[in-house]
$ cat work.cif   # mmCIF, C-alpha atoms and all ligand atoms
data_coords
#
loop_
_atom_site.label_atom_id
_atom_site.label_comp_id
_atom_site.auth_asym_id
_atom_site.auth_seq_id
_atom_site.Cartn_x
_atom_site.Cartn_y
_atom_site.Cartn_z
CA MET F 1 -21.93 112.32 -278.26
CA THR F 2 -18.18 112.67 -277.86
CA ILE F 3 -16.61 114.62 -275.01
CA ARG F 4 -13.48 116.30 -276.32
CA VAL F 5 -10.76 116.31 -273.68
CA GLY F 6 -7.63 118.45 -273.55
CA ILE F 7 -4.80 117.12 -271.38
CA ILE F 8 -2.31 119.45 -269.71
CA GLY F 9 0.75 117.40 -268.64
CA GLN F 10 1.17 114.17 -270.63
CA GLY F 11 2.88 112.22 -267.82
CA TYR F 12 2.23 108.84 -266.21
CA VAL F 13 -1.41 109.47 -265.21
CA ALA F 14 -2.36 111.06 -268.54
CA SER F 15 -0.64 108.28 -270.51
CA THR F 16 -2.35 105.58 -268.44
CA LEU F 17 -5.68 107.32 -269.07
CA ALA F 18 -5.00 107.49 -272.83
CA LEU F 19 -4.00 103.83 -273.07
CA GLY F 20 -6.82 102.58 -270.82
CA LEU F 21 -9.44 104.44 -272.89
CA ALA F 22 -7.96 103.12 -276.16
CA ARG F 23 -8.00 99.55 -274.84
CA ILE F 24 -11.60 99.88 -273.59
CA LYS F 25 -12.69 101.18 -277.01
CA GLU F 26 -11.04 98.17 -278.68
CA GLY F 27 -12.90 95.86 -276.29
CA GLU F 28 -9.64 94.54 -274.79
CA ILE F 29 -10.39 95.37 -271.14
CA GLY F 30 -13.38 96.01 -268.88
CA LEU F 31 -14.34 99.06 -266.85
CA ASN F 32 -12.61 98.19 -263.57
CA GLY F 33 -11.51 101.24 -261.59
CA ILE F 34 -14.17 103.55 -263.12
CA PRO F 35 -16.71 104.09 -260.31
CA PHE F 36 -19.81 104.79 -262.43
CA GLN F 37 -18.85 102.47 -265.30
CA ASN F 38 -21.49 102.73 -268.02
CA PHE F 39 -24.36 103.61 -265.64
CA ILE F 40 -24.37 107.29 -266.64
CA LYS F 41 -27.16 108.15 -269.04
CA SER F 42 -25.71 110.96 -271.15
CA TYR F 43 -22.19 109.66 -271.76
CA ARG F 44 -20.61 106.26 -272.07
CA VAL F 45 -16.95 105.68 -271.21
CA GLU F 46 -16.36 105.20 -274.94
CA ASP F 47 -17.54 108.79 -275.56
CA VAL F 48 -14.47 110.23 -273.84
CA GLU F 49 -11.90 111.23 -276.44
CA ILE F 50 -8.54 112.89 -275.90
CA VAL F 51 -8.20 115.48 -278.67
CA SER F 52 -5.37 117.66 -277.39
CA SER F 53 -2.31 117.29 -275.21
CA ILE F 54 0.18 119.85 -273.92
CA ASP F 55 3.55 119.29 -272.26
CA VAL F 56 6.85 121.08 -271.70
CA ASP F 57 9.15 118.07 -271.91
CA ALA F 58 11.26 118.54 -275.06
CA ASN F 59 11.37 114.75 -275.45
CA LYS F 60 7.57 114.56 -275.72
CA ILE F 61 6.64 117.67 -277.73
CA GLY F 62 5.75 116.75 -281.31
CA LEU F 63 5.34 113.04 -280.56
CA SER F 64 2.04 111.23 -280.95
CA LEU F 65 0.22 110.09 -277.81
CA LEU F 66 1.08 106.53 -278.84
CA ASP F 67 4.81 107.30 -278.75
CA VAL F 68 4.50 108.98 -275.33
CA VAL F 69 2.42 106.09 -273.98
CA ARG F 70 5.20 103.72 -275.10
CA MET F 71 7.67 105.62 -272.87
CA TYR F 72 5.62 104.35 -269.91
CA PHE F 73 4.58 101.00 -271.38
CA PRO F 74 7.65 99.95 -273.41
CA SER F 75 6.34 96.46 -274.15
CA LEU F 76 3.26 97.86 -275.94
CA SER F 77 3.44 96.72 -279.54
CA LYS F 78 -0.12 97.30 -280.75
CA LYS F 79 -0.91 100.51 -282.65
CA TYR F 80 -3.98 102.43 -281.51
CA GLU F 81 -5.21 104.74 -284.21
CA SER F 82 -6.93 107.08 -281.70
CA LEU F 83 -3.55 107.60 -279.99
CA GLU F 84 -1.67 108.19 -283.24
CA ARG F 85 -3.98 111.03 -284.24
CA VAL F 86 -3.07 113.38 -281.37
CA ARG F 87 0.34 115.05 -281.08
CA VAL F 88 1.78 116.69 -277.97
CA SER F 89 1.90 120.49 -278.29
CA PRO F 90 4.28 122.80 -276.43
CA GLY F 91 3.05 124.34 -273.18
CA ILE F 92 3.78 127.13 -270.73
CA HIS F 93 6.61 126.20 -268.37
CA LEU F 94 7.06 128.91 -265.73
CA GLY F 95 9.65 126.71 -264.02
CA SER F 96 7.19 123.99 -263.01
CA THR F 97 9.70 121.15 -263.54
CA ARG F 98 12.59 122.76 -261.63
CA ASN F 99 15.01 120.23 -260.03
CA LEU F 100 13.63 117.40 -262.17
CA PRO F 101 15.59 115.46 -264.80
CA ILE F 102 13.48 116.92 -267.62
CA LYS F 103 14.69 119.07 -270.49
CA ALA F 104 11.82 121.51 -270.34
CA VAL F 105 10.88 124.30 -272.73
CA GLY F 106 8.07 126.84 -272.45
CA ILE F 107 6.60 128.90 -275.27
CA GLU F 108 6.51 131.95 -272.99
CA SER F 109 10.30 132.29 -273.23
CA GLU F 110 9.98 132.84 -276.99
CA VAL F 111 6.80 134.88 -277.34
CA GLY F 112 6.07 136.23 -273.84
CA LEU F 113 3.37 134.96 -271.49
CA GLU F 114 0.36 136.73 -272.95
CA ASN F 115 1.03 135.48 -276.49
CA ALA F 116 1.79 132.03 -275.11
CA ILE F 117 -1.65 131.98 -273.53
CA TYR F 118 -3.25 132.87 -276.86
CA GLU F 119 -1.30 130.04 -278.53
CA ILE F 120 -2.69 127.60 -275.97
CA VAL F 121 -6.23 128.93 -276.47
CA ASN F 122 -5.73 128.52 -280.21
CA GLU F 123 -4.60 124.90 -279.76
CA TRP F 124 -7.74 124.13 -277.71
CA ASP F 125 -9.92 125.97 -280.22
CA LYS F 126 -8.52 123.92 -283.13
CA SER F 127 -9.39 120.69 -281.35
CA GLY F 128 -12.67 121.99 -279.92
CA VAL F 129 -12.05 120.90 -276.30
CA ASP F 130 -15.01 120.65 -273.92
CA VAL F 131 -13.11 119.59 -270.81
CA LEU F 132 -9.53 120.31 -269.70
CA VAL F 133 -7.63 118.11 -267.25
CA ASN F 134 -4.66 119.57 -265.38
CA LEU F 135 -2.08 116.83 -264.69
CA ILE F 136 1.17 118.75 -264.62
CA THR F 137 3.93 118.14 -262.06
CA THR F 138 2.73 118.84 -258.50
CA GLU F 139 2.68 122.58 -257.85
CA TYR F 140 2.14 124.64 -254.75
CA SER F 141 0.01 127.74 -254.90
CA GLU F 142 -1.73 130.04 -252.48
CA PRO F 143 -5.35 130.94 -253.31
CA LEU F 144 -5.36 133.47 -256.12
CA GLU F 145 -5.72 137.01 -254.78
CA SER F 146 -7.92 138.20 -257.63
CA PHE F 147 -8.47 137.34 -261.26
CA HIS F 148 -7.85 140.97 -262.14
CA HIS F 149 -4.41 140.75 -260.48
CA LEU F 150 -3.63 137.63 -262.55
CA HIS F 151 -4.74 139.47 -265.67
CA LYS F 152 -2.36 142.37 -264.84
CA LEU F 153 0.60 140.04 -264.20
CA ILE F 154 0.06 138.30 -267.52
CA ARG F 155 -0.39 141.51 -269.49
CA SER F 156 2.77 143.01 -268.05
CA ASN F 157 4.75 139.81 -268.65
CA GLU F 158 5.71 139.77 -264.93
CA TYR F 159 5.43 136.11 -264.23
CA GLU F 160 8.21 135.46 -261.73
CA GLY F 161 6.82 132.94 -259.20
CA LEU F 162 3.50 132.49 -261.02
CA PRO F 163 2.39 128.82 -260.92
CA ALA F 164 1.98 127.35 -264.41
CA THR F 165 -1.45 126.09 -263.34
CA TYR F 166 -2.65 129.70 -263.04
CA ALA F 167 -1.49 130.45 -266.57
CA TYR F 168 -3.59 127.48 -267.78
CA VAL F 169 -6.55 128.56 -265.63
CA TYR F 170 -6.30 132.00 -267.23
CA ALA F 171 -6.08 130.43 -270.71
CA ALA F 172 -9.19 128.36 -269.93
CA ALA F 173 -11.03 131.54 -268.91
CA VAL F 174 -10.02 133.22 -272.19
CA TYR F 175 -11.17 130.11 -274.08
CA ALA F 176 -14.52 130.22 -272.24
CA GLU F 177 -14.92 133.88 -273.15
CA THR F 178 -13.89 133.69 -276.77
CA VAL F 179 -14.75 130.14 -277.90
CA LYS F 180 -17.21 128.29 -275.65
CA PRO F 181 -17.85 127.42 -271.99
CA VAL F 182 -15.42 124.85 -270.65
CA ALA F 183 -14.83 122.62 -267.62
CA PHE F 184 -11.39 122.70 -266.00
CA ILE F 185 -10.55 119.69 -263.82
CA ASN F 186 -7.66 120.38 -261.48
CA ALA F 187 -6.30 116.96 -260.46
CA ILE F 188 -3.18 118.41 -258.78
CA PRO F 189 -2.72 120.10 -255.37
CA ALA F 190 -2.57 123.72 -256.66
CA THR F 191 -5.35 125.84 -255.14
CA VAL F 192 -7.89 126.23 -257.93
CA ALA F 193 -11.42 125.06 -257.04
CA ARG F 194 -10.67 126.27 -253.49
CA SER F 195 -9.85 129.73 -254.81
CA ARG F 196 -12.88 132.01 -254.58
CA SER F 197 -11.69 134.36 -257.31
CA ILE F 198 -11.09 131.52 -259.80
CA VAL F 199 -14.49 129.96 -259.13
CA ARG F 200 -16.12 133.38 -259.63
CA ALA F 201 -14.21 133.92 -262.89
CA PHE F 202 -15.48 130.58 -264.22
CA GLU F 203 -19.00 131.31 -262.99
CA GLU F 204 -18.98 134.60 -264.92
CA ARG F 205 -17.92 132.71 -268.06
CA ASN F 206 -20.65 130.05 -267.75
CA SER F 207 -17.95 127.50 -267.01
CA ILE F 208 -16.96 125.00 -264.35
CA VAL F 209 -13.87 124.26 -262.33
CA LEU F 210 -13.48 121.03 -260.32
CA GLY F 211 -10.73 120.20 -257.80
CA ASP F 212 -8.40 120.08 -256.04
CA ASP F 213 -6.01 117.09 -256.16
CA GLY F 214 -7.49 113.75 -257.19
CA ALA F 215 -8.26 111.43 -254.25
CA SER F 216 -7.00 108.13 -255.54
CA GLY F 217 -4.75 106.30 -253.10
CA ALA F 218 -4.35 105.97 -249.35
CA THR F 219 -5.94 109.26 -248.31
CA PRO F 220 -9.54 108.31 -249.22
CA LEU F 221 -9.00 104.95 -247.50
CA THR F 222 -7.80 106.77 -244.37
CA SER F 223 -10.86 109.00 -244.43
CA ASP F 224 -13.16 105.96 -244.62
CA ILE F 225 -11.41 104.20 -241.74
CA LEU F 226 -11.68 107.39 -239.67
CA GLU F 227 -15.40 107.60 -240.43
CA TYR F 228 -15.83 103.98 -239.35
CA LEU F 229 -14.07 104.69 -236.05
CA ALA F 230 -15.85 108.00 -235.45
CA GLU F 231 -19.30 106.43 -236.01
CA ARG F 232 -18.48 103.91 -233.26
CA ASN F 233 -17.01 106.59 -231.00
CA ARG F 234 -13.65 104.89 -230.93
CA VAL F 235 -11.50 107.95 -230.53
CA PRO F 236 -8.31 108.13 -232.63
CA ARG F 237 -5.17 109.16 -230.71
CA GLY F 238 -3.01 109.60 -233.78
CA VAL F 239 -2.77 108.89 -237.49
CA VAL F 240 0.36 108.04 -239.41
CA GLN F 241 0.44 107.36 -243.14
CA PHE F 242 3.57 106.79 -245.22
CA ASN F 243 3.77 106.83 -249.01
CA ILE F 244 6.91 105.79 -250.84
CA GLY F 245 6.96 105.53 -254.62
CA GLY F 246 9.30 105.34 -257.57
CA ASN F 247 7.63 107.43 -260.27
CA LEU F 248 8.52 110.96 -261.38
CA ASP F 249 5.79 112.46 -259.22
CA PHE F 250 7.38 111.01 -256.08
CA LEU F 251 10.75 112.35 -257.22
CA ALA F 252 9.14 115.78 -257.68
CA LEU F 253 7.69 115.53 -254.17
CA LEU F 254 11.18 115.47 -252.63
CA ASP F 255 11.06 119.22 -253.24
CA GLU F 256 9.98 120.95 -250.01
CA THR F 257 7.31 123.30 -251.42
CA ARG F 258 5.71 120.61 -253.59
CA ASN F 259 5.68 118.24 -250.62
CA LYS F 260 3.99 120.93 -248.48
CA ALA F 261 1.26 121.26 -251.10
CA LYS F 262 0.53 117.52 -250.95
CA GLU F 263 0.75 117.47 -247.15
CA LYS F 264 -1.86 120.22 -247.01
CA THR F 265 -4.36 118.42 -249.25
CA LYS F 266 -3.73 115.04 -247.59
CA SER F 267 -3.67 115.78 -243.87
CA SER F 268 -6.67 118.14 -243.80
CA VAL F 269 -8.71 114.94 -244.19
CA VAL F 270 -8.14 113.90 -240.55
CA SER F 271 -9.48 116.97 -238.76
CA ASP F 272 -12.19 117.43 -241.40
CA VAL F 273 -13.60 113.92 -240.88
CA LEU F 274 -13.13 113.78 -237.09
CA GLY F 275 -14.00 117.38 -236.30
CA PHE F 276 -10.96 117.74 -234.01
CA GLU F 277 -7.17 117.60 -234.31
CA VAL F 278 -5.04 114.57 -233.43
CA PRO F 279 -1.29 114.10 -233.90
CA THR F 280 -0.97 113.30 -237.60
CA PHE F 281 1.79 112.52 -240.06
CA ILE F 282 0.47 112.16 -243.59
CA LYS F 283 2.68 113.17 -246.49
CA PRO F 284 4.64 111.66 -249.36
CA THR F 285 7.62 110.23 -247.55
CA GLY F 286 10.13 109.12 -250.09
CA TYR F 287 11.31 108.15 -253.53
CA VAL F 288 12.78 104.72 -254.26
CA GLU F 289 13.08 104.03 -257.97
CA TYR F 290 12.56 100.25 -257.94
CA LEU F 291 9.00 100.67 -256.61
CA GLY F 292 8.05 102.36 -259.90
CA ASP F 293 4.41 103.44 -260.16
CA LYS F 294 3.32 100.86 -257.56
CA LYS F 295 3.77 102.83 -254.37
CA PHE F 296 4.16 101.37 -250.91
CA VAL F 297 1.68 102.68 -248.39
CA SER F 298 1.65 102.03 -244.68
CA MET F 299 -0.86 103.34 -242.19
CA HIS F 300 -1.18 103.23 -238.41
CA ILE F 301 -4.14 104.50 -236.36
CA GLU F 302 -4.39 104.11 -232.60
CA THR F 303 -7.79 104.48 -230.91
CA ILE F 304 -9.33 104.50 -227.45
CA GLY F 305 -12.47 102.36 -227.13
CA PHE F 306 -14.90 101.15 -224.45
CA ASN F 307 -13.37 100.74 -220.99
CA GLU F 308 -10.35 102.66 -222.29
CA SER F 309 -9.18 99.76 -224.41
CA ILE F 310 -6.49 100.70 -226.92
CA ASP F 311 -6.85 99.33 -230.46
CA GLU F 312 -4.42 99.71 -233.31
CA ILE F 313 -5.15 99.49 -237.02
CA VAL F 314 -2.22 98.78 -239.30
CA VAL F 315 -2.60 98.70 -243.07
CA ASN F 316 0.12 97.89 -245.57
CA ALA F 317 -0.56 98.16 -249.28
CA ARG F 318 1.07 98.42 -252.69
CA ILE F 319 -1.11 100.68 -254.87
CA ASN F 320 -0.66 101.43 -258.58
CA ASP F 321 -0.62 105.21 -258.47
CA SER F 322 -1.47 106.28 -262.01
CA PRO F 323 -4.37 103.94 -262.88
CA ALA F 324 -6.03 104.83 -259.55
CA LEU F 325 -6.41 108.44 -260.67
CA ALA F 326 -6.91 107.70 -264.37
CA GLY F 327 -10.03 105.60 -263.59
CA LEU F 328 -11.55 108.45 -261.60
CA LEU F 329 -10.84 110.90 -264.40
CA VAL F 330 -13.05 108.90 -266.78
CA ASP F 331 -15.97 109.74 -264.47
CA LEU F 332 -14.87 113.29 -263.73
CA VAL F 333 -14.73 114.25 -267.39
CA ARG F 334 -18.27 112.94 -267.97
CA LEU F 335 -19.74 114.51 -264.82
CA ALA F 336 -18.09 117.85 -265.60
CA LYS F 337 -19.68 117.85 -269.05
CA ILE F 338 -23.08 116.83 -267.67
CA ALA F 339 -22.92 119.68 -265.14
CA LEU F 340 -21.89 122.11 -267.87
CA ASN F 341 -24.74 120.97 -270.15
CA ALA F 342 -27.22 121.31 -267.28
CA GLY F 343 -26.26 124.94 -266.68
CA TYR F 344 -24.18 124.59 -263.52
CA ARG F 345 -21.56 127.32 -263.07
CA GLY F 346 -18.54 127.71 -260.77
CA THR F 347 -17.78 124.53 -258.86
CA LEU F 348 -19.76 121.53 -257.49
CA TYR F 349 -19.11 120.12 -254.04
CA GLU F 350 -21.24 117.06 -254.89
CA ILE F 351 -18.60 115.99 -257.41
CA ASN F 352 -15.47 117.35 -255.71
CA SER F 353 -16.18 115.70 -252.35
CA PHE F 354 -15.98 112.19 -253.81
CA TYR F 355 -13.15 112.59 -256.31
CA MET F 356 -10.88 115.22 -254.72
CA LYS F 357 -8.60 115.29 -251.67
CA SER F 358 -9.33 118.96 -250.97
CA PRO F 359 -12.75 119.67 -252.40
CA GLY F 360 -13.73 123.15 -253.55
CA PRO F 361 -15.27 125.63 -252.99
CA GLU F 362 -13.02 127.39 -250.47
CA GLY F 363 -13.83 126.44 -246.88
CA SER F 364 -15.42 123.06 -247.78
CA LYS F 365 -14.73 120.03 -245.62
CA SER F 366 -13.15 116.85 -246.89
CA ILE F 367 -15.57 114.07 -245.92
CA SER F 368 -15.25 110.28 -245.97
CA ARG F 369 -15.69 108.75 -249.41
CA ILE F 370 -18.48 106.49 -248.14
CA VAL F 371 -20.56 109.54 -247.27
CA ALA F 372 -19.42 111.48 -250.36
CA TYR F 373 -20.48 108.59 -252.60
CA GLN F 374 -24.05 108.77 -251.31
CA ILE F 375 -24.14 112.54 -251.87
CA LEU F 376 -22.92 112.00 -255.43
CA VAL F 377 -25.43 109.23 -256.18
CA ASP F 378 -28.19 111.49 -254.87
CA TRP F 379 -27.01 114.32 -257.16
CA LEU F 380 -26.92 111.96 -260.16
CA LEU F 381 -30.46 110.77 -259.34
CA ARG F 382 -31.69 114.35 -259.11
CA MET F 383 -30.07 114.96 -262.51
CA GLY F 384 -31.84 111.89 -263.90
CA GLU F 385 -28.44 110.62 -264.94
CA LEU F 386 -28.32 107.06 -263.64
CA THR F 387 -29.36 104.16 -265.84
CA ARG F 388 -29.39 101.92 -262.76
CA LEU F 389 -29.14 102.34 -259.02
CA PRO F 390 -25.68 101.32 -257.80
CA ARG F 391 -25.82 98.42 -255.36
CA TYR F 392 -24.13 100.51 -252.65
CA SER F 393 -26.60 103.38 -252.80
CA VAL F 394 -28.62 103.96 -249.59
CA HIS F 395 -31.62 104.43 -251.90
CA ASN F 396 -31.67 100.66 -252.29
CA PHE F 397 -32.37 100.12 -248.61
CA ILE F 398 -34.77 102.89 -247.60
CA PRO F 399 -38.20 102.65 -249.30
CA GLU F 400 -38.99 106.36 -248.67
CA LEU F 401 -35.85 107.38 -250.53
CA LYS F 402 -36.75 105.08 -253.39
CA LYS F 403 -40.18 106.73 -253.61
CA ILE F 404 -38.71 110.25 -253.85
CA TYR F 405 -37.02 109.34 -257.11
CA ASP F 406 -39.74 107.03 -258.32
CA LEU F 407 -37.29 104.11 -258.43
N1 LIG X 501 -2.56 108.75 -258.27
C1 LIG X 501 -1.81 109.72 -258.76
O1 LIG X 501 -0.88 109.46 -259.50
C2 LIG X 501 -2.18 111.13 -258.43
C3 LIG X 501 -3.15 111.38 -257.46
C4 LIG X 501 -3.51 112.70 -257.18
C5 LIG X 501 -2.90 113.72 -257.86
N2 LIG X 501 -1.94 113.46 -258.80
C6 LIG X 501 -1.31 114.59 -259.47
O2 LIG X 501 -1.30 114.38 -260.87
C7 LIG X 501 -0.18 115.06 -261.43
C8 LIG X 501 0.46 114.15 -262.48
O3 LIG X 501 0.98 112.99 -261.89
P1 LIG X 501 1.89 112.03 -262.78
O4 LIG X 501 2.23 110.85 -261.93
O5 LIG X 501 1.29 111.85 -264.11
O6 LIG X 501 3.21 112.93 -262.91
P2 LIG X 501 4.31 112.91 -264.07
O7 LIG X 501 5.50 113.56 -263.48
O8 LIG X 501 4.45 111.56 -264.66
O9 LIG X 501 3.66 113.84 -265.20
C9 LIG X 501 3.63 115.22 -265.16
C10 LIG X 501 3.73 115.72 -266.60
O10 LIG X 501 3.48 117.11 -266.60
C11 LIG X 501 4.43 117.72 -267.47
N3 LIG X 501 4.52 119.12 -267.08
C12 LIG X 501 5.19 119.67 -266.03
N4 LIG X 501 5.03 120.99 -266.03
C13 LIG X 501 4.23 121.30 -267.08
C14 LIG X 501 3.71 122.51 -267.59
N5 LIG X 501 4.00 123.68 -267.02
N6 LIG X 501 2.90 122.45 -268.68
C15 LIG X 501 2.60 121.26 -269.30
N7 LIG X 501 3.09 120.09 -268.86
C16 LIG X 501 3.89 120.11 -267.75
C17 LIG X 501 5.70 116.92 -267.25
O11 LIG X 501 6.62 117.12 -268.30
C18 LIG X 501 5.13 115.51 -267.21
O12 LIG X 501 5.01 114.98 -268.51
C19 LIG X 501 0.74 115.44 -260.28
O13 LIG X 501 0.64 116.82 -260.03
C20 LIG X 501 0.16 114.70 -259.10
O14 LIG X 501 0.27 115.42 -257.88
C21 LIG X 501 -1.57 112.19 -259.10
#
$ encode --input "work.cif" --output "structure tokens" --more "lines below"
Ligand SMILES: NC(=O)c1ccc[n+]([C@@H]2O[C@H](COP(=O)([O-])OP(=O)(O)OC[C@H]3O[C@@H](n4cnc5c(N)ncnc54)[C@H](O)[C@@H]3O)[C@@H](O)[C@H]2O)c1
Amino acid sequence: MTIRVGIIGQGYVASTLALGLARIKEGEIGLNGIPFQNFIKSYRVEDVEIVSSIDVDANKIGLSLLDVVRMYFPSLSKKYESLERVRVSPGIHLGSTRNLPIKAVGIESEVGLENAIYEIVNEWDKSGVDVLVNLITTEYSEPLESFHHLHKLIRSNEYEGLPATYAYVYAAAVYAETVKPVAFINAIPATVARSRSIVRAFEERNSIVLGDDGASGATPLTSDILEYLAERNRVPRGVVQFNIGGNLDFLALLDETRNKAKEKTKSSVVSDVLGFEVPTFIKPTGYVEYLGDKKFVSMHIETIGFNESIDEIVVNARINDSPALAGLLVDLVRLAKIALNAGYRGTLYEINSFYMKSPGPEGSKSISRIVAYQILVDWLLRMGELTRLPRYSVHNFIPELKKIYDL
């Protein structure tokens, strides 16, 4: 069975996802970078199909996915039929690309916000989306005060300062109410799955929201190193993590409020994993064009060990930014649909804690990925959704655990 995916923000990550899926379906590449590969019972990777795409960049609107993918992969000569079928539709702007070298247009400036939302719902209805993935330019947002308040703002066309993500969240809620239940995956730092009122609104519409901010690069690695140190009672004295990249997202992050949003989702990891505060500097630190999508990451952690010995961990890495998240999204889309089919409503910490930097619901801790992985495997086992036990699952090593699931 196909999972019909609607993309919001056809940028680098979304285009890498589209191309990677097309190449997998043609048998050109393997499943590297997709954690649960084809071990999930209900849906294979090949079942994920992008059926709709929305953007505000005037240079992308109206183009096929294949043409947009070629903007990021100019040497691509092969034609992929699945990418030619989908065209980029116009979206709601609300100023989300301010200060960026993008000629942006939003349908709200022509028809007003409320009508724009209905146009978006109509676009999703035509393509029958099951799962939406928010990948627009990094946005900052406070938790939403109330869904009713959002409703009033939209009805009165008073959208000054409203994050575009909230307009899409609202559109998804309307879609859930009028068409069918939906899953909304928020892969950006806006506060969505951590917003109580949004989670409740989705719950009431038999729908799901996952988020916030995909955990793809150095931050999950930092959380795992901190867990390693904490388990050995080697006490960190400070954590520093630099990220410098050359893609549009890094350019966008030069903007103070966007950078704050990322800093919030990234640096909460330290106190969440350790349980106490230490001096920390973790935030996107710069834009240098020649680095392109392959960002430079550097990390330093100083710890106090036995007999007051001082150790230092230094990690340097170059990490391809977009494929790191795109691979996770192939799982997220499938797990969201499985949860939806199984009758889950609202949000699921079991999924968010592994794939997201700041997992919802509101007040949840960000935990190390090593621990989160085990929680997720356990959830998948309880769902009867694994065709085989992953090698790294604790269930492999503890006979009692194996017995519980009759493995
Ligand atoms: N590894 C990663 O790359 C990673 C990890 C975690 C989170 N993210 C988040 O994913 C998002 C996308 O990253 P990217 O590298 O693809 O960025 P990008 O700048 O390449 O793409 C963003 C796209 O969104 C479009 N857009 C902006 N505002 C829009 C709106 N209101 N409606 C519809 N489309 C809109 C832009 O025109 C652009 O095409 C960012 O918010 C980033 O914070 C990325």
$ residues_near_point --input "work.cif" --point "(1.6, 129.5, -272.9)" --cutoff "6 Å" --atoms "all atoms listed in the file" --output "VMD selection string"
chain F and resid 91 to 92 107 to 108 113 116 to 117 120
$ atom_distance --input "work.cif" --atom1 "CA of Ser358 (chain F)" --atom2 "atom C3 of ligand LIG 501 (chain X)"
11.7 Å
$ closest_atom_pairs --input "work.cif" --of "chain F" --to "ligand LIG 501 (chain X)" --cutoff "8 Å" --atoms "only C-alpha atoms and all ligand atoms" --output "tab-separated table"
residue	atom	partner	partner_atom	distance
F:Ile8	CA	X:LIG501	C15	5.2
F:Gly9	CA	X:LIG501	O10	3.4
F:Gln10	CA	X:LIG501	O12	4.5
F:Gly11	CA	X:LIG501	O9	3.2
F:Tyr12	CA	X:LIG501	O5	3.8
F:Val13	CA	X:LIG501	O5	3.8
F:Ala14	CA	X:LIG501	O5	5.8
F:Ser15	CA	X:LIG501	O5	7.6
F:Ile54	CA	X:LIG501	C15	5.4
F:Asp55	CA	X:LIG501	N7	3.5
F:Val56	CA	X:LIG501	N7	4.8
F:Asp57	CA	X:LIG501	O11	4.5
F:Lys60	CA	X:LIG501	O12	7.7
F:Pro90	CA	X:LIG501	C15	7.5
F:Gly91	CA	X:LIG501	N6	4.9
F:Ile92	CA	X:LIG501	N5	5.1
F:His93	CA	X:LIG501	N5	3.9
F:Leu94	CA	X:LIG501	N5	6.2
F:Gly95	CA	X:LIG501	N5	7.1
F:Ser96	CA	X:LIG501	N4	4.8
F:Thr97	CA	X:LIG501	N4	5.3
F:Ile102	CA	X:LIG501	O11	6.9
F:Ala104	CA	X:LIG501	O11	7.1
F:Gly106	CA	X:LIG501	N5	7.5
F:Asn134	CA	X:LIG501	C7	7.5
F:Leu135	CA	X:LIG501	C7	4.2
F:Ile136	CA	X:LIG501	O10	3.5
F:Thr137	CA	X:LIG501	O13	4.1
F:Thr138	CA	X:LIG501	O13	3.3
F:Glu139	CA	X:LIG501	O13	6.5
F:Ala164	CA	X:LIG501	N5	4.9
F:Thr165	CA	X:LIG501	N5	7.0
F:Ala187	CA	X:LIG501	C5	5.4
F:Ile188	CA	X:LIG501	C6	4.3
F:Pro189	CA	X:LIG501	O14	6.1
F:Asp213	CA	X:LIG501	C5	4.9
F:Gly214	CA	X:LIG501	C4	4.1
F:Ala215	CA	X:LIG501	C4	5.7
F:Ser216	CA	X:LIG501	N1	5.2
F:Gly217	CA	X:LIG501	N1	6.1
F:Asn247	CA	X:LIG501	O4	6.6
F:Leu248	CA	X:LIG501	O7	4.5
F:Asp249	CA	X:LIG501	O7	4.4
F:Phe250	CA	X:LIG501	O4	7.8
F:Ala252	CA	X:LIG501	O7	7.2
F:Lys262	CA	X:LIG501	O14	7.2
F:Asp293	CA	X:LIG501	O4	7.9
F:Asn320	CA	X:LIG501	N1	7.6
F:Asp321	CA	X:LIG501	N1	4.0
F:Ser322	CA	X:LIG501	O1	4.1
F:Pro323	CA	X:LIG501	N1	6.9
F:Ala324	CA	X:LIG501	N1	5.4
F:Leu325	CA	X:LIG501	N1	4.5
F:Ala326	CA	X:LIG501	N1	7.6
F:Lys357	CA	X:LIG501	C4	7.9
$ closest_residue --input "work.cif" --among "F:Gln37, F:Asn157, F:Ser89, F:Thr303" --to "Asn233 (chain F)" --atoms "only C-alpha atoms"
F:Thr303
$ closest_residue --input "work.cif" --among "F:Met1, F:Met71, F:Ala218, F:Ile29" --to "Glu49 (chain F)" --atoms "all atoms listed in the file"
F:Met1
$ atom_distance --input "work.cif" --atom1 "CA of Leu226 (chain F)" --atom2 "CA of Thr191 (chain F)"
24.9 Å
$ atom_distance --input "work.cif" --atom1 "CA of Gly6 (chain F)" --atom2 "CA of Trp124 (chain F)"
7.0 Å
$ closest_residue --input "work.cif" --among "F:Arg318, F:Arg258, F:Lys365, F:Arg382" --to "Ala339 (chain F)" --atoms "all atoms listed in the file"
F:Arg382
$ closest_residue --input "work.cif" --among "F:Tyr159, F:Leu381, F:Asp331, F:Leu274" --to "Val48 (chain F)" --atoms "only C-alpha atoms"
F:Asp331
$ closest_residue --input "work.cif" --among "F:Val288, F:Val174, F:Ile313, F:Val333" --to "Pro236 (chain F)" --atoms "all atoms listed in the file"
F:Ile313
$ residues_around --input "work.cif" --residues "Val371 (chain F)" --least-positions-apart "6" --cutoff "10 Å" --atoms "only C-alpha atoms" --output "mmCIF file with C-alpha atoms, in the coordinates of the input"
data_model
loop_
_atom_site.group_PDB
_atom_site.id
_atom_site.type_symbol
_atom_site.label_atom_id
_atom_site.label_comp_id
_atom_site.auth_asym_id
_atom_site.auth_seq_id
_atom_site.Cartn_x
_atom_site.Cartn_y
_atom_site.Cartn_z
ATOM 1 C CA ASP F 224 -13.160 105.960 -244.620
ATOM 2 C CA GLU F 227 -15.400 107.600 -240.430
ATOM 3 C CA SER F 353 -16.180 115.700 -252.350
ATOM 4 C CA PHE F 354 -15.980 112.190 -253.810
#
